[in-house]
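K.L.:
Structure below; questions to follow.
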Amino acid sequence: MNPLNSILMKITLHFLFAFLFLFVFLCPSHGEKDERPNIIVFLVDDYDKPETSPYGGKVLTPNLDRLAKEGMICHNAHVTSTVCTPSRYTFLTGRYASSSHSNTFLDECPEGTQALPAFNVGLESDRMNVGRVLADAGYATGFVGKYHVHDTDHSKEGSLFGDLYVPKNAKYSDQLNKRKFKLEKLQRELIKKNGFTWAKNIYWGNLKQPFKGHNPDWTAKAALEFIEEHKDQPFYLHCCSTLLHGPNGEWFKSMMEKELATGEGYLKKPLGLIDRKSVWERIQKAGLTEAEVGYLWMDDSLGLILDKLDKLGIADNTIVVFVSDHGSERKGSLIKTRGTEIPCLIRWPKVIKPGSVSRGLLQNTDFVPTWFELAKAKIPEKYHIDGKSLAAMFEDPTVSIRKYIYGEQGAARAIKTEAFEYISIRYTDEQITGALSKRADRAYKTLLGLSSGISRARYFHSDIFSADQLYDLSKDPNSQKNVANDSSYAGQLKKMKVILTKTVKELGPRPYGDFVPGAGTSDA
């Protein structure tokens, strides 16, 4: 053999063996199990802490009791916005809703104007969200259930879905049912286009006639399918129940009369994953009524997922988070109690000690950065995150990652510490002009409705309309007495305003009332 060829062969073999060593021994998918945790976010709708048994509610939720016993109960968890769309946006991105650069949001709140985050927020098409980033990190990422964050307003949905669009309250027909079936498949693809690797059994938004009817069996079915398909690799599942949205009577009616209704139309036969008769029997045995049916029904669907993890032997390294998108009784306001404060239970047997209790402040911006850290994900350079990782709290529940939390809804902003709650309401000039116009009735819906920052709290007490509200939570845990005009609290009020000004400025070049003056802003 030519000496030169011999040398080249030896060099080639040397590099080949080196490559094989790196591939076999250093790649986690060959010879080494990927120990990164699975993650399941079980997100429910319109749910107050007292509506769960772990927080002392007179309801039947045994699987929530199980999560609290086997994991961690968080007593000071909050959402930053208190209606579905902006809150769900934050759960998916780790960003405040006012940070959105979606077409829908910028159409209504152009850059340089005051942000009015509400139902006008959409998930951007740049795929800067938890589904895409974790997918790039090697996770299977699944979405099941209620979405409600697509980047379009309702007036454009007809053009988005073309001939498949199903208008609200349309009269039922078999042809419409077939359209609904095809429409849901398109919606799956749109969610995957935005970054998730898997999507199934989707509710595009709130339930609407003629297909209105909760069906947790249908949501759970897709969740179980995703877990089974991806049990051998790290996975992230965003599972969104339609419960407990709507009047309590709707839950019972759905359970007893709407067994076939789903987000893809009416099924030909019931799924039968949850024994609906048993739900009602257990409710009656516990001395409860039709009004409490939905809590147990939702809890049973969560139980199916917990049992599946046990059956597959993957529960130990699977994080299960139970949270609500916002409170219900004071939905649309920034009041802490039954508004921004939510139930939050977290189980991760491998790390979190059973029976752990956390009293530290956290907000829903904090979940996504936690998942990124635990998944060892590479965060895109242009990805904006407003949250802080909760990983340290999982190992030590006494750790508090925040000194205060921030809230935003419509024209309202809030800062909450463990001792005080400050809420400001600063309407824009355009909103004030509208309220004084001939179309004042329409304007007042904006000022007082779900998009306002006041909403259901307007029944709470008269001071809820005040431009500045300060509540001493140590003396007034339910925020009943506004002390903003009490001279003995002047120093605390000033301190809270300074924090709010700093926070709003950090969110970007947008004005906010007299805190960050700009075009179209007002101080009241």
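Each chain of the structure tokens is named A, B, ... in the order shown, its residues numbered from 1; ligands are numbered from 1 in display order.
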Tell me, as a list in words, which residues lie within 10 Å of Pro477 in chain A, counting only C-alpha atoms; anything in the same chain fewer than 2 positions away does not count.

P.N.:
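Near Pro477 in chain A, the qualifying residues are Lys336, Thr337, Ala419, Phe420, Glu421, Tyr471, Asp472, Leu473, Ser474, Lys475, Ser479, Gln480 and Lys481 of chain A.
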
K.L.:
Which neighbours of range 482-496 of chain A fall inside 7 Å, counting only C-alpha atoms, when residues of the same chain fewer than 4 positions from it are skipped, and could you give them as a PyMOL selection string?

P.N.:
chain A and resi 415+422+463+468-471+500

K.L.:
With C-alpha atoms retained, export the selected residues as a CSV table (one decimal), in the first residue's frame.

P.N.:
```csv
chain,number,residue,atom,x,y,z
A,415,ILE,CA,-49.2,46.0,41.9
A,422,TYR,CA,-52.7,48.9,44.6
A,463,ASP,CA,-64.6,52.5,45.6
A,468,ASP,CA,-56.4,55.0,42.7
A,469,GLN,CA,-57.2,52.2,45.1
A,470,LEU,CA,-54.9,50.9,47.9
A,471,TYR,CA,-55.9,48.0,50.2
A,500,LEU,CA,-46.0,50.5,38.9
```

K.L.:
Of the residues A:Ala392, A:Val293, A:Ala135, A:Ala223, which is the one nearest to Lys58 in chain A, using only C-alpha atoms?

P.N.:
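Checking each candidate against Lys58 in chain A, we get A:Val293 as the closest.
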
K.L.:
Run DSSP on the backbone of this structure and report the residues of range 228-448 of chain A it assigns to alpha helix (DSSP H), as a PyMOL selection string.

P.N.:
chain A and resi 228-229+248-257+276-285+293-312+367-374+391-395+429-435+440-448

K.L.:
Can you work out which one of A:Asp307, A:Glu329, A:Asp151, A:Glu430 has the shortest atom-to-atom distance to Phe119 in chain A, counting only C-alpha atoms?

P.N.:
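Going through A:Asp307, A:Glu329, A:Asp151, A:Glu430 one by one, the smallest distance to Phe119 in chain A is for A:Asp151.
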
K.L.:
Choose the residue, out of A:Tyr96, A:Phe235, A:Tyr383, A:Tyr55, that has the smallest atom-to-atom separation from Asn76 in chain A; count only C-alpha atoms.

P.N.:
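Selected residue with least distance to Asn76 in chain A: A:Tyr55.
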
K.L.:
Give me, as a tab-separated table, the closest atom pair and its distance (Å, one decimal) for every residue of range 80-111 of chain A within a cut-off of 7 Å of range 399-409 of chain A, counting only C-alpha atoms, rows sorted by chain and rising number.

P.N.:
```
residue	atom	partner	partner_atom	distance
A:Thr80	CA	A:Gly407	CA	4.2
A:Ser81	CA	A:Glu408	CA	5.4
A:Thr82	CA	A:Gln409	CA	6.8
```

K.L.:
What would the file look like if the residues just selected were written as a PDB file, in the first residue's frame with N, CA and C atoms?

P.N.:
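After the write, out.pdb holds the following:
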```
ATOM      1  N   THR A  80     -52.017  37.527  35.510  1.00  0.00           N
ATOM      2  CA  THR A  80     -51.772  38.946  35.256  1.00  0.00           C
ATOM      3  C   THR A  80     -52.958  39.637  34.592  1.00  0.00           C
ATOM      4  N   SER A  81     -53.824  38.867  33.923  1.00  0.00           N
ATOM      5  CA  SER A  81     -55.046  39.402  33.324  1.00  0.00           C
ATOM      6  C   SER A  81     -56.191  38.459  33.677  1.00  0.00           C
ATOM      7  N   THR A  82     -57.411  39.010  33.745  1.00  0.00           N
ATOM      8  CA  THR A  82     -58.487  38.222  34.346  1.00  0.00           C
ATOM      9  C   THR A  82     -59.658  37.921  33.416  1.00  0.00           C
TER      10      THR A  82
END
```

K.L.:
Of the candidates A:Ser241, A:Asn120, A:Asn129, A:Ser278, which one gets nearest to Met256 in chain A if we count only C-alpha atoms?

P.N.:
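Distance minimum relative to Met256 in chain A lands on A:Ser278.
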
K.L.:
What's the 12 Å shell around Arg426 in chain A, counting only C-alpha atoms, without same-chain residues fewer than 2 positions away, as number ranges by chain?

P.N.:
A: 114-116, 408-414, 423-424, 428-432, 447, 452-454, 465-469, 511-517, 520-524

K.L.:
Store the residues of this selection in a file with C-alpha atoms, as a PDB file, in the first residue's frame.

P.N.:
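Below you can see again.pdb, which holds the result:
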```
ATOM      1  CA  GLN A 114     -51.792  53.038  25.708  1.00  0.00           C
ATOM      2  CA  ALA A 115     -52.247  49.287  25.791  1.00  0.00           C
ATOM      3  CA  LEU A 116     -55.733  47.990  26.657  1.00  0.00           C
ATOM      4  CA  GLU A 408     -53.255  44.483  33.711  1.00  0.00           C
ATOM      5  CA  GLN A 409     -56.758  44.465  32.305  1.00  0.00           C
ATOM      6  CA  GLY A 410     -58.110  47.088  29.953  1.00  0.00           C
ATOM      7  CA  ALA A 411     -57.313  50.526  31.376  1.00  0.00           C
ATOM      8  CA  ALA A 412     -56.464  49.132  34.819  1.00  0.00           C
ATOM      9  CA  ARG A 413     -53.048  48.203  36.218  1.00  0.00           C
ATOM     10  CA  ALA A 414     -52.145  46.702  39.579  1.00  0.00           C
ATOM     11  CA  ILE A 423     -54.992  49.272  41.581  1.00  0.00           C
ATOM     12  CA  SER A 424     -54.987  52.197  39.154  1.00  0.00           C
ATOM     13  CA  THR A 428     -57.611  56.970  27.498  1.00  0.00           C
ATOM     14  CA  ASP A 429     -58.861  60.235  26.015  1.00  0.00           C
ATOM     15  CA  GLU A 430     -60.684  58.200  23.378  1.00  0.00           C
ATOM     16  CA  GLN A 431     -62.501  56.174  26.030  1.00  0.00           C
ATOM     17  CA  ILE A 432     -63.551  59.302  27.918  1.00  0.00           C
ATOM     18  CA  LEU A 447     -65.518  50.918  30.491  1.00  0.00           C
ATOM     19  CA  SER A 452     -62.438  47.046  31.476  1.00  0.00           C
ATOM     20  CA  GLY A 453     -60.478  46.140  34.602  1.00  0.00           C
ATOM     21  CA  ILE A 454     -63.613  46.655  36.713  1.00  0.00           C
ATOM     22  CA  PHE A 465     -64.421  52.893  40.330  1.00  0.00           C
ATOM     23  CA  SER A 466     -61.740  55.049  41.986  1.00  0.00           C
ATOM     24  CA  ALA A 467     -58.733  55.969  39.849  1.00  0.00           C
ATOM     25  CA  ASP A 468     -56.422  55.032  42.737  1.00  0.00           C
ATOM     26  CA  GLN A 469     -57.158  52.161  45.097  1.00  0.00           C
ATOM     27  CA  PRO A 511     -47.771  55.468  27.651  1.00  0.00           C
ATOM     28  CA  TYR A 512     -50.032  54.847  30.630  1.00  0.00           C
ATOM     29  CA  GLY A 513     -52.039  57.693  32.114  1.00  0.00           C
ATOM     30  CA  ASP A 514     -50.015  60.082  34.271  1.00  0.00           C
ATOM     31  CA  PHE A 515     -47.522  57.309  35.109  1.00  0.00           C
ATOM     32  CA  VAL A 516     -45.981  57.347  31.639  1.00  0.00           C
ATOM     33  CA  PRO A 517     -47.567  60.334  29.835  1.00  0.00           C
ATOM     34  CA  GLY A 520     -54.078  60.057  24.102  1.00  0.00           C
ATOM     35  CA  THR A 521     -53.525  59.387  27.789  1.00  0.00           C
ATOM     36  CA  SER A 522     -55.422  60.794  30.721  1.00  0.00           C
ATOM     37  CA  ASP A 523     -54.879  60.756  34.480  1.00  0.00           C
ATOM     38  CA  ALA A 524     -58.365  59.426  35.274  1.00  0.00           C
TER      39      ALA A 524
END
```

K.L.:
In Å, with one decimal, what is the gap from CA of Lys258 in chain A to CA of Lys212 in chain A?

P.N.:
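Between CA of Lys258 in chain A and CA of Lys212 in chain A the gap is 8.3 Å.
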
K.L.:
Give me the residues near Leu123 in chain A as a count of residues only, where near means some atom within 7 Å (using only C-alpha atoms) and where sequence neighbours in that chain fewer than 4 positions away do not count.

P.N.:
5

K.L.:
Would you mind listing what lies within 9 Å of range 189-202 of chain A as a PDB file with C-alpha atoms, in the first residue's frame, with only C-alpha atoms counted and same-chain residues fewer than 2 positions away left out?

P.N.:
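Final output, out_2.pdb:
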```pdb
ATOM      1  CA  LEU A 123     -50.760  34.344  19.679  1.00  0.00           C
ATOM      2  CA  GLU A 124     -48.176  35.615  17.204  1.00  0.00           C
ATOM      3  CA  SER A 125     -47.244  33.665  14.089  1.00  0.00           C
ATOM      4  CA  ASP A 126     -43.513  34.025  14.891  1.00  0.00           C
ATOM      5  CA  ARG A 127     -43.897  30.871  17.025  1.00  0.00           C
ATOM      6  CA  MET A 128     -42.248  32.455  20.080  1.00  0.00           C
ATOM      7  CA  ASN A 129     -44.237  30.272  22.459  1.00  0.00           C
ATOM      8  CA  VAL A 130     -43.825  27.274  24.725  1.00  0.00           C
ATOM      9  CA  GLY A 131     -44.981  24.762  22.107  1.00  0.00           C
ATOM     10  CA  ARG A 132     -42.346  25.736  19.539  1.00  0.00           C
ATOM     11  CA  VAL A 133     -39.381  26.302  21.857  1.00  0.00           C
ATOM     12  CA  LEU A 134     -39.849  23.001  23.690  1.00  0.00           C
ATOM     13  CA  ALA A 135     -40.352  21.222  20.359  1.00  0.00           C
ATOM     14  CA  TYR A 139     -40.056  17.620  23.317  1.00  0.00           C
ATOM     15  CA  ALA A 140     -43.306  16.415  21.841  1.00  0.00           C
ATOM     16  CA  THR A 141     -45.662  19.335  22.433  1.00  0.00           C
ATOM     17  CA  GLY A 142     -49.398  18.759  22.506  1.00  0.00           C
ATOM     18  CA  PHE A 143     -52.416  21.025  22.707  1.00  0.00           C
ATOM     19  CA  VAL A 144     -55.850  19.775  23.765  1.00  0.00           C
ATOM     20  CA  GLY A 145     -59.092  21.618  24.497  1.00  0.00           C
ATOM     21  CA  LYS A 146     -59.903  25.334  24.614  1.00  0.00           C
ATOM     22  CA  TYR A 147     -57.591  27.609  22.587  1.00  0.00           C
ATOM     23  CA  HIS A 150     -55.826  32.939  17.667  1.00  0.00           C
ATOM     24  CA  GLU A 184     -62.000  21.462  13.984  1.00  0.00           C
ATOM     25  CA  LYS A 185     -59.413  19.643  11.850  1.00  0.00           C
ATOM     26  CA  LEU A 186     -58.400  22.968  10.295  1.00  0.00           C
ATOM     27  CA  GLN A 187     -58.095  24.491  13.746  1.00  0.00           C
ATOM     28  CA  TRP A 204     -61.584  27.360  19.269  1.00  0.00           C
ATOM     29  CA  GLY A 205     -63.144  29.598  21.915  1.00  0.00           C
ATOM     30  CA  TRP A 218     -63.698  14.373  24.715  1.00  0.00           C
ATOM     31  CA  THR A 219     -60.881  16.547  26.061  1.00  0.00           C
ATOM     32  CA  LYS A 221     -59.607  11.285  25.374  1.00  0.00           C
ATOM     33  CA  ALA A 222     -57.152  13.373  23.357  1.00  0.00           C
ATOM     34  CA  ALA A 223     -54.941  13.997  26.396  1.00  0.00           C
ATOM     35  CA  PHE A 226     -51.098  12.133  23.408  1.00  0.00           C
ATOM     36  CA  THR A 262     -68.037  18.299  21.235  1.00  0.00           C
ATOM     37  CA  GLY A 263     -65.791  20.854  19.553  1.00  0.00           C
ATOM     38  CA  GLU A 264     -66.078  18.850  16.316  1.00  0.00           C
TER      39      GLU A 264
END
```

K.L.:
I want to know what sits within 12 Å of Lys311 in chain A, based on only C-alpha atoms, with residues of the same chain fewer than 6 positions away left out; could you give that as a compact mmCIF listing (two decimals) with N, CA and C atoms, in the first residue's frame?

P.N.:
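The file below, around-v5.txt, is the result:
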```txt
# COMPACT_ATOMS: atom_id res chain seq x y z
N LEU A 224 -55.17 11.63 26.86
CA LEU A 224 -54.67 10.26 27.10
C LEU A 224 -53.98 9.71 25.86
N ILE A 227 -50.46 11.30 25.60
CA ILE A 227 -49.54 10.74 26.60
C ILE A 227 -49.09 9.35 26.18
N GLU A 228 -50.02 8.53 25.71
CA GLU A 228 -49.70 7.17 25.29
C GLU A 228 -48.73 7.19 24.10
N LYS A 231 -45.04 8.58 25.43
CA LYS A 231 -44.57 8.16 26.75
C LYS A 231 -43.08 7.86 26.79
N LEU A 304 -58.40 10.83 35.23
CA LEU A 304 -58.05 9.93 34.12
C LEU A 304 -56.59 10.12 33.71
N ILE A 305 -56.14 11.37 33.69
CA ILE A 305 -54.76 11.67 33.30
C ILE A 305 -53.78 11.18 34.37
```

K.L.:
In terms of the shortest atom-to-atom distance over only C-alpha atoms, which of A:Phe367, A:Tyr427, A:Phe105, A:Phe211 is closest to Ile385 in chain A?

P.N.:
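Of the candidates, the smallest distance to Ile385 in chain A is held by A:Phe367.
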
K.L.:
How many Å lie between CA of Val368 in chain A and CA of Gly94 in chain A, rounded to one decimal?

P.N.:
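Straight-line distance from CA of Val368 in chain A to CA of Gly94 in chain A works out to 5.0 Å.
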
K.L.:
Could you name the residues that touch range 313-322 of chain A at 7 Å or less, counting only C-alpha atoms, but leaving out those on the same chain fewer than 5 positions away, as number ranges by chain?

P.N.:
A: 37-43, 344-350

K.L.:
Which of these, A:Ser358, A:Ser173, A:Ile499, A:Val59, has the shortest distance to Lys285 in chain A once you count only C-alpha atoms?

P.N.:
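Nearest to Lys285 in chain A: A:Val59.
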
K.L.:
One decimal, in Å: what's the spacing between CA of Ala137 in chain A and CA of Lys376 in chain A?

P.N.:
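Answer for the CA of Ala137 in chain A to CA of Lys376 in chain A separation: 7.3 Å.
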
K.L.:
Enumerate, as a VMD selection string, the complete set of residues in range 404-468 of chain A that a backbone-based DSSP assignment places in strand (DSSP E or B).

P.N.:
chain A and resid 405 to 409 412 to 416 420 to 425 428 453 468

K.L.:
Hey, can you spit out that residue selection with C-alpha atoms as a PDB file, in the first residue's frame?

P.N.:
```pdb
ATOM      1  CA  ILE A 405     -46.738  40.871  41.108  1.00  0.00           C
ATOM      2  CA  TYR A 406     -48.201  42.940  38.297  1.00  0.00           C
ATOM      3  CA  GLY A 407     -51.676  42.882  36.780  1.00  0.00           C
ATOM      4  CA  GLU A 408     -53.255  44.483  33.711  1.00  0.00           C
ATOM      5  CA  GLN A 409     -56.758  44.465  32.305  1.00  0.00           C
ATOM      6  CA  ALA A 412     -56.464  49.132  34.819  1.00  0.00           C
ATOM      7  CA  ARG A 413     -53.048  48.203  36.218  1.00  0.00           C
ATOM      8  CA  ALA A 414     -52.145  46.702  39.579  1.00  0.00           C
ATOM      9  CA  ILE A 415     -49.207  45.995  41.858  1.00  0.00           C
ATOM     10  CA  LYS A 416     -49.586  43.483  44.682  1.00  0.00           C
ATOM     11  CA  PHE A 420     -50.695  45.622  49.998  1.00  0.00           C
ATOM     12  CA  GLU A 421     -52.735  45.776  46.815  1.00  0.00           C
ATOM     13  CA  TYR A 422     -52.682  48.867  44.604  1.00  0.00           C
ATOM     14  CA  ILE A 423     -54.992  49.272  41.581  1.00  0.00           C
ATOM     15  CA  SER A 424     -54.987  52.197  39.154  1.00  0.00           C
ATOM     16  CA  ILE A 425     -57.555  52.969  36.455  1.00  0.00           C
ATOM     17  CA  THR A 428     -57.611  56.970  27.498  1.00  0.00           C
ATOM     18  CA  GLY A 453     -60.478  46.140  34.602  1.00  0.00           C
ATOM     19  CA  ASP A 468     -56.422  55.032  42.737  1.00  0.00           C
TER      20      ASP A 468
END
```
